[in-house]
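As stored in coords-v4.pdb (PDB, C-alpha atoms):
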ATOM      1  CA  MET A   1      27.314  -1.419   5.334
ATOM      2  CA  THR A   2      26.106   0.012   8.643
ATOM      3  CA  PRO A   3      23.928  -2.002  11.049
ATOM      4  CA  SER A   4      21.013   0.265  10.128
ATOM      5  CA  GLN A   5      21.527  -0.390   6.423
ATOM      6  CA  ARG A   6      21.722  -4.147   7.071
ATOM      7  CA  GLY A   7      18.451  -3.949   9.013
ATOM      8  CA  VAL A   8      16.767  -2.094   6.165
ATOM      9  CA  ALA A   9      18.081  -4.637   3.655
ATOM     10  CA  ILE A  10      16.720  -7.514   5.748
ATOM     11  CA  GLY A  11      13.302  -5.878   6.147
ATOM     12  CA  ALA A  12      13.094  -5.011   2.461
ATOM     13  CA  GLY A  13      14.284  -8.491   1.490
ATOM     14  CA  CYS A  14      11.556 -10.108   3.581
ATOM     15  CA  ALA A  15       8.966  -7.862   1.946
ATOM     16  CA  LEU A  16      10.339  -8.784  -1.480
ATOM     17  CA  ILE A  17       9.863 -12.478  -0.681
ATOM     18  CA  VAL A  18       6.252 -11.838   0.400
ATOM     19  CA  THR A  19       5.612  -9.726  -2.724
ATOM     20  CA  THR A  20       7.078 -12.384  -5.017
ATOM     21  CA  ALA A  21       4.833 -15.017  -3.426
ATOM     22  CA  LEU A  22       1.751 -12.788  -3.789
ATOM     23  CA  ILE A  23       2.446 -12.080  -7.444
ATOM     24  CA  ALA A  24       3.214 -15.726  -8.244
ATOM     25  CA  TYR A  25       0.053 -16.916  -6.506
ATOM     26  CA  GLY A  26      -2.142 -14.191  -7.992
ATOM     27  CA  MET A  27      -0.779 -14.576 -11.514
ATOM     28  CA  GLY A  28      -1.143 -18.339 -11.290
ATOM     29  CA  GLY A  29      -4.864 -17.965 -10.853
ATOM     30  CA  ALA A  30      -6.567 -18.034  -7.508
ATOM     31  CA  PRO A  31      -8.579 -21.123  -6.580
ATOM     32  CA  GLY A  32     -12.277 -20.801  -7.251
ATOM     33  CA  LEU A  33     -11.954 -18.177  -9.957
ATOM     34  CA  PRO A  34     -12.802 -19.224 -13.500
ATOM     35  CA  ALA A  35     -10.027 -19.819 -15.994
ATOM     36  CA  ALA A  36     -11.981 -17.872 -18.594
ATOM     37  CA  ALA A  37     -11.399 -15.277 -21.257
ATOM     38  CA  PRO A  38     -10.074 -11.873 -20.125
ATOM     39  CA  LEU A  39     -13.502 -10.268 -20.370
ATOM     40  CA  ALA A  40     -15.375 -13.008 -18.470
ATOM     41  CA  ALA A  41     -16.130 -10.624 -15.600
ATOM     42  CA  THR A  42     -18.453  -7.750 -16.409
ATOM     43  CA  LEU A  43     -17.321  -4.157 -16.287
ATOM     44  CA  ALA A  44     -19.530  -3.579 -13.236
ATOM     45  CA  GLN A  45     -17.927  -6.539 -11.454
ATOM     46  CA  ARG A  46     -14.441  -5.293 -12.313
ATOM     47  CA  LEU A  47     -15.228  -1.784 -11.086
ATOM     48  CA  THR A  48     -16.663  -3.202  -7.861
ATOM     49  CA  LEU A  49     -13.454  -5.183  -7.423
ATOM     50  CA  ALA A  50     -11.382  -2.038  -8.016
ATOM     51  CA  VAL A  51     -13.347  -0.049  -5.433
ATOM     52  CA  THR A  52     -13.028  -2.923  -2.970
ATOM     53  CA  ALA A  53      -9.258  -2.936  -3.486
ATOM     54  CA  TRP A  54      -9.176   0.819  -2.787
ATOM     55  CA  LEU A  55     -10.469   0.257   0.748
ATOM     56  CA  SER A  56      -7.125  -0.615   2.322
ATOM     57  CA  PRO A  57      -5.312   2.513   1.066
ATOM     58  CA  ILE A  58      -8.324   4.726   1.795
ATOM     59  CA  VAL A  59      -8.744   3.390   5.335
ATOM     60  CA  ALA A  60      -4.992   3.749   5.991
ATOM     61  CA  LEU A  61      -5.130   7.311   4.698
ATOM     62  CA  ALA A  62      -8.235   8.172   6.740
ATOM     63  CA  LEU A  63      -6.669   6.769   9.911
ATOM     64  CA  SER A  64      -3.473   8.746   9.296
ATOM     65  CA  ILE A  65      -5.407  11.961   8.665
ATOM     66  CA  GLY A  66      -7.462  11.393  11.811
ATOM     67  CA  TRP A  67      -4.334  10.716  13.871
ATOM     68  CA  VAL A  68      -2.728  13.998  12.783
ATOM     69  CA  ALA A  69      -5.977  15.957  13.184
ATOM     70  CA  ASN A  70      -6.496  14.567  16.673
ATOM     71  CA  ILE A  71      -2.994  15.587  17.770
ATOM     72  CA  ARG A  72      -3.305  18.984  16.106
ATOM     73  CA  GLY A  73      -6.682  19.663  17.727
ATOM     74  CA  ARG A  74      -5.365  18.897  21.227
ATOM     75  CA  SER A  75      -2.094  20.796  20.889
ATOM     76  CA  ALA A  76      -1.850  24.530  21.534
ATOM     77  CA  GLN A  77       1.391  24.561  19.526
ATOM     78  CA  ASP A  78       0.039  22.634  16.509
ATOM     79  CA  ILE A  79      -3.541  23.869  16.227
ATOM     80  CA  ALA A  80      -2.639  26.766  13.923
ATOM     81  CA  GLY A  81      -1.275  24.375  11.288
ATOM     82  CA  ALA A  82       2.133  23.282  10.043
ATOM     83  CA  GLY A  83       2.543  26.261   7.724
ATOM     84  CA  LEU A  84       1.988  28.802  10.493
ATOM     85  CA  THR A  85       3.905  27.364  13.445
ATOM     86  CA  GLN A  86       6.930  25.325  14.395
ATOM     87  CA  GLU A  87       5.382  21.866  14.799
ATOM     88  CA  SER A  88       5.698  19.967  18.052
ATOM     89  CA  ALA A  89       7.631  16.750  18.429
ATOM     90  CA  ALA A  90       4.338  14.931  19.080
ATOM     91  CA  ILE A  91       3.064  15.549  15.554
ATOM     92  CA  ARG A  92       6.256  14.927  13.538
ATOM     93  CA  ILE A  93       6.043  11.138  13.259
ATOM     94  CA  PRO A  94       2.281  11.025  12.578
ATOM     95  CA  ARG A  95       2.717  13.692   9.869
ATOM     96  CA  ALA A  96       5.579  11.716   8.308
ATOM     97  CA  ILE A  97       3.449   8.559   8.311
ATOM     98  CA  LEU A  98       0.530  10.501   6.805
ATOM     99  CA  ALA A  99       2.719  11.958   4.052
ATOM    100  CA  ASN A 100       4.142   8.567   3.172
ATOM    101  CA  THR A 101       0.713   6.931   3.251
ATOM    102  CA  LEU A 102      -0.642   9.575   0.872
ATOM    103  CA  GLU A 103       2.283   9.008  -1.490
ATOM    104  CA  GLN A 104       1.808   5.243  -1.410
ATOM    105  CA  ALA A 105      -2.004   5.425  -1.809
ATOM    106  CA  SER A 106      -1.782   7.822  -4.750
ATOM    107  CA  LEU A 107       0.222   5.202  -6.632
ATOM    108  CA  ALA A 108      -1.603   2.088  -5.423
ATOM    109  CA  ILE A 109      -5.192   3.091  -6.212
ATOM    110  CA  PRO A 110      -4.727   3.555  -9.982
ATOM    111  CA  VAL A 111      -2.651   0.358 -10.122
ATOM    112  CA  TYR A 112      -5.422  -1.649  -8.423
ATOM    113  CA  THR A 113      -7.947  -0.113 -10.816
ATOM    114  CA  GLY A 114      -5.858  -0.990 -13.852
ATOM    115  CA  LEU A 115      -5.390  -4.554 -12.651
ATOM    116  CA  ALA A 116      -9.113  -4.962 -11.967
ATOM    117  CA  LEU A 117      -9.883  -3.794 -15.494
ATOM    118  CA  LEU A 118      -7.157  -5.616 -17.429
ATOM    119  CA  LEU A 119      -6.408  -8.935 -15.749
ATOM    120  CA  PRO A 120      -7.934 -12.196 -16.932
ATOM    121  CA  ALA A 121     -10.816 -13.283 -14.679
ATOM    122  CA  ARG A 122      -8.769 -16.078 -13.080
ATOM    123  CA  MET A 123      -6.245 -13.500 -11.820
ATOM    124  CA  LEU A 124      -8.716 -11.048 -10.331
ATOM    125  CA  ALA A 125      -7.766 -11.886  -6.755
ATOM    126  CA  LEU A 126      -4.450 -10.101  -7.339
ATOM    127  CA  PRO A 127      -5.641  -6.508  -6.731
ATOM    128  CA  LEU A 128      -7.270  -7.623  -3.475
ATOM    129  CA  MET A 129      -4.103  -9.427  -2.398
ATOM    130  CA  LEU A 130      -1.996  -6.363  -3.155
ATOM    131  CA  SER A 131      -4.466  -4.215  -1.224
ATOM    132  CA  ALA A 132      -4.220  -6.533   1.787
ATOM    133  CA  ALA A 133      -0.420  -6.247   1.622
ATOM    134  CA  PHE A 134      -0.831  -2.455   1.561
ATOM    135  CA  GLY A 135      -2.841  -2.534   4.778
ATOM    136  CA  LEU A 136      -0.435  -4.858   6.552
ATOM    137  CA  GLY A 137       2.493  -2.817   5.303
ATOM    138  CA  ARG A 138       1.022   0.414   6.644
ATOM    139  CA  ILE A 139       0.446  -1.156  10.056
ATOM    140  CA  ALA A 140       4.028  -2.458  10.201
ATOM    141  CA  PHE A 141       5.380   0.894   8.983
ATOM    142  CA  ALA A 142       3.445   2.887  11.596
ATOM    143  CA  ILE A 143       4.421   0.550  14.430
ATOM    144  CA  GLY A 144       8.083   0.477  13.416
ATOM    145  CA  TYR A 145       8.525   4.128  12.475
ATOM    146  CA  ARG A 146       9.439   5.407  15.923
ATOM    147  CA  HIS A 147      12.147   2.718  16.226
ATOM    148  CA  GLY A 148      14.110   3.755  13.130
ATOM    149  CA  ALA A 149      14.687   2.737   9.541
ATOM    150  CA  PRO A 150      15.304  -0.993  10.116
ATOM    151  CA  ALA A 151      12.077  -1.310  12.123
ATOM    152  CA  ARG A 152       9.948   0.434   9.504
ATOM    153  CA  SER A 153      11.625  -1.009   6.392
ATOM    154  CA  PHE A 154       9.498  -4.152   6.146
ATOM    155  CA  GLY A 155       6.289  -2.112   6.324
ATOM    156  CA  MET A 156       7.549   0.450   3.838
ATOM    157  CA  ALA A 157       8.607  -2.233   1.382
ATOM    158  CA  LEU A 158       5.446  -4.328   1.887
ATOM    159  CA  THR A 159       3.438  -1.263   0.943
ATOM    160  CA  GLY A 160       5.584  -0.242  -2.027
ATOM    161  CA  TYR A 161       6.892  -3.439  -3.620
ATOM    162  CA  PRO A 162       3.452  -4.932  -4.368
ATOM    163  CA  THR A 163       2.407  -1.686  -6.059
ATOM    164  CA  VAL A 164       5.564  -1.613  -8.171
ATOM    165  CA  ALA A 165       5.026  -5.283  -9.043
ATOM    166  CA  GLY A 166       1.448  -4.396  -9.979
ATOM    167  CA  ILE A 167       2.800  -1.760 -12.368
ATOM    168  CA  GLY A 168       4.958  -4.454 -13.939
ATOM    169  CA  VAL A 169       1.911  -6.706 -14.334
ATOM    170  CA  LEU A 170      -0.028  -3.818 -15.928
ATOM    171  CA  ILE A 171       2.762  -3.208 -18.412
ATOM    172  CA  TRP A 172       2.856  -6.940 -19.207
ATOM    173  CA  ARG A 173      -0.929  -6.960 -19.796
ATOM    174  CA  LEU A 174      -0.820  -3.892 -21.996
ATOM    175  CA  LEU A 175       1.996  -5.341 -24.101
ATOM    176  CA  ALA A 176       0.434  -8.809 -24.346
TER
END
Reformat the file's structure so that it appears as structure tokens.
Amino acid sequence: MTPSQRGVAIGAGCALIVTTALIAYGMGGAPGLPAAAPLAATLAQRLTLAVTAWLSPIVALALSIGWVANIRGRSAQDIAGAGLTQESAAIRIPRAILANTLEQASLAIPVYTGLALLLPARMLALPLMLSAAFGLGRIAFAIGYRHGAPARSFGMALTGYPTVAGIGVLIWRLLA
């Protein structure tokens, strides 16, 4: 295993520990939420929760889009667009972060919605916790990106692992 691969494994392992703790805490029932029947929260409340959970991915996506647009607008080389020019070095990393953020958000938002609609009321903090992990993961990913795979691995995994765990929880709820 190369030093870079070891660094990625360490970052991903740390994110897995955080994700496991989030899922265990969220599935155990957050303090202050009622231990009631699955439909104790109204549909309107559940939809409001889902939209609230969307905020982290949407804000991360909006910031990434703005970052790329700002660079593109100030660059004579990049202003024509990626499909019409050879992009500058200045826009490569922001575009890579934007692409990855879009990929991550497109998976996370429906997962958060499904969790908000299907979880028992006492577990409804989980989509918000996963959303918070998404935001923190995106920040860590963006900060670490320029320093290589080991530096961005924690952020990448902290964005992705909670979403994948959320898919597992959704499958569990649908089979239950």
Residue members of the PyMOL selection byres ((chain A and resi 162) around 10) in the file shown, as a PyMOL selection string: chain A and resi 15-16+18-20+22-23+108+111+126-127+129-134+137+157-161+163-168
Resolved residues for the PyMOL selection byres ((chain A and resi 143) around 12) as a PyMOL selection string: chain A and resi 93-94+97+136-142+144-156
Might you spell out which residues the PyMOL selection byres ((chain A and resi 125) around 12) would select in the displayed file, as a PyMOL selection string? chain A and resi 22-34+46+49-50+52-53+112+115-116+119-124+126-132
Quick one, how far is atom CA of A:Ala76 from atom CA of A:Leu63?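 So the two atoms, atom CA of A:Ala76 and atom CA of A:Leu63, lie 21.8 Å apart.
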From atom CA of A:Pro57 to atom CA of A:Ala105 the spacing works out at 5.3 Å
Excluding A:Glu87 and its own-chain neighbours fewer than 6 positions away, which residues fall within 10 Å of it when counting all atoms listed in the file? Please give them as a VMD selection string. chain A and resid 72 75 77 to 81 95
Which value, in Å to one decimal, gives the distance between atom CA of A:Ala96 and atom CA of A:Arg74?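 Atom-to-atom, atom CA of A:Ala96 to atom CA of A:Arg74, that is 18.4 Å.
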From the list A:Leu118, A:Leu174, A:Val68, A:Val169, which residue is nearest A:Leu43 when using all atoms listed in the file? A:Leu118
In terms of all atoms listed in the file, the residue from A:Trp54, A:Ile91, A:Ala99, A:Ala41 at minimal distance from A:Asn70 is A:Ile91
Kindly reconstruct stretch 76-97 of chain A with N, CA and C atoms and present the result as a PDB file, keeping the file's coordinate frame.
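Saved file rebuild-v7.pdb follows:
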ATOM      1  N   ALA A  76      -1.870  23.077  21.679  1.00  0.00           N
ATOM      2  CA  ALA A  76      -1.850  24.530  21.534  1.00  0.00           C
ATOM      3  C   ALA A  76      -0.789  24.959  20.506  1.00  0.00           C
ATOM      4  N   GLN A  77       0.307  24.222  20.446  1.00  0.00           N
ATOM      5  CA  GLN A  77       1.391  24.561  19.526  1.00  0.00           C
ATOM      6  C   GLN A  77       1.042  24.216  18.077  1.00  0.00           C
ATOM      7  N   ASP A  78       0.287  23.134  17.863  1.00  0.00           N
ATOM      8  CA  ASP A  78       0.039  22.634  16.509  1.00  0.00           C
ATOM      9  C   ASP A  78      -1.299  23.054  15.912  1.00  0.00           C
ATOM     10  N   ILE A  79      -2.188  23.619  16.703  1.00  0.00           N
ATOM     11  CA  ILE A  79      -3.541  23.869  16.227  1.00  0.00           C
ATOM     12  C   ILE A  79      -3.585  24.864  15.062  1.00  0.00           C
ATOM     13  N   ALA A  80      -2.636  25.770  14.998  1.00  0.00           N
ATOM     14  CA  ALA A  80      -2.639  26.766  13.923  1.00  0.00           C
ATOM     15  C   ALA A  80      -2.276  26.165  12.564  1.00  0.00           C
ATOM     16  N   GLY A  81      -1.643  25.009  12.553  1.00  0.00           N
ATOM     17  CA  GLY A  81      -1.275  24.375  11.288  1.00  0.00           C
ATOM     18  C   GLY A  81       0.219  24.405  11.044  1.00  0.00           C
ATOM     19  N   ALA A  82       0.692  23.448  10.275  1.00  0.00           N
ATOM     20  CA  ALA A  82       2.133  23.282  10.043  1.00  0.00           C
ATOM     21  C   ALA A  82       2.755  24.477   9.329  1.00  0.00           C
ATOM     22  N   GLY A  83       1.996  25.131   8.470  1.00  0.00           N
ATOM     23  CA  GLY A  83       2.543  26.261   7.724  1.00  0.00           C
ATOM     24  C   GLY A  83       2.653  27.533   8.540  1.00  0.00           C
ATOM     25  N   LEU A  84       2.016  27.572   9.702  1.00  0.00           N
ATOM     26  CA  LEU A  84       1.988  28.802  10.493  1.00  0.00           C
ATOM     27  C   LEU A  84       2.760  28.723  11.795  1.00  0.00           C
ATOM     28  N   THR A  85       3.202  27.528  12.169  1.00  0.00           N
ATOM     29  CA  THR A  85       3.905  27.364  13.445  1.00  0.00           C
ATOM     30  C   THR A  85       5.085  26.421  13.272  1.00  0.00           C
ATOM     31  N   GLN A  86       5.891  26.346  14.306  1.00  0.00           N
ATOM     32  CA  GLN A  86       6.930  25.325  14.395  1.00  0.00           C
ATOM     33  C   GLN A  86       6.241  24.111  15.013  1.00  0.00           C
ATOM     34  N   GLU A  87       6.137  23.012  14.288  1.00  0.00           N
ATOM     35  CA  GLU A  87       5.382  21.866  14.799  1.00  0.00           C
ATOM     36  C   GLU A  87       6.041  21.248  16.021  1.00  0.00           C
ATOM     37  N   SER A  88       5.195  20.628  16.849  1.00  0.00           N
ATOM     38  CA  SER A  88       5.698  19.967  18.052  1.00  0.00           C
ATOM     39  C   SER A  88       6.286  18.610  17.703  1.00  0.00           C
ATOM     40  N   ALA A  89       7.056  18.086  18.615  1.00  0.00           N
ATOM     41  CA  ALA A  89       7.631  16.750  18.429  1.00  0.00           C
ATOM     42  C   ALA A  89       6.534  15.695  18.348  1.00  0.00           C
ATOM     43  N   ALA A  90       5.420  15.922  19.038  1.00  0.00           N
ATOM     44  CA  ALA A  90       4.338  14.931  19.080  1.00  0.00           C
ATOM     45  C   ALA A  90       3.690  14.699  17.723  1.00  0.00           C
ATOM     46  N   ILE A  91       3.758  15.686  16.841  1.00  0.00           N
ATOM     47  CA  ILE A  91       3.064  15.549  15.554  1.00  0.00           C
ATOM     48  C   ILE A  91       4.007  15.153  14.414  1.00  0.00           C
ATOM     49  N   ARG A  92       5.301  15.195  14.630  1.00  0.00           N
ATOM     50  CA  ARG A  92       6.256  14.927  13.538  1.00  0.00           C
ATOM     51  C   ARG A  92       6.129  13.529  12.946  1.00  0.00           C
ATOM     52  N   ILE A  93       6.121  12.512  13.776  1.00  0.00           N
ATOM     53  CA  ILE A  93       6.043  11.138  13.259  1.00  0.00           C
ATOM     54  C   ILE A  93       4.681  10.873  12.612  1.00  0.00           C
ATOM     55  N   PRO A  94       3.563  11.227  13.261  1.00  0.00           N
ATOM     56  CA  PRO A  94       2.281  11.025  12.578  1.00  0.00           C
ATOM     57  C   PRO A  94       2.185  11.758  11.240  1.00  0.00           C
ATOM     58  N   ARG A  95       2.745  12.974  11.160  1.00  0.00           N
ATOM     59  CA  ARG A  95       2.717  13.692   9.869  1.00  0.00           C
ATOM     60  C   ARG A  95       3.595  12.993   8.829  1.00  0.00           C
ATOM     61  N   ALA A  96       4.717  12.445   9.244  1.00  0.00           N
ATOM     62  CA  ALA A  96       5.579  11.716   8.308  1.00  0.00           C
ATOM     63  C   ALA A  96       4.876  10.457   7.809  1.00  0.00           C
ATOM     64  N   ILE A  97       4.198   9.762   8.701  1.00  0.00           N
ATOM     65  CA  ILE A  97       3.449   8.559   8.311  1.00  0.00           C
ATOM     66  C   ILE A  97       2.304   8.929   7.373  1.00  0.00           C
TER      67      ILE A  97
END
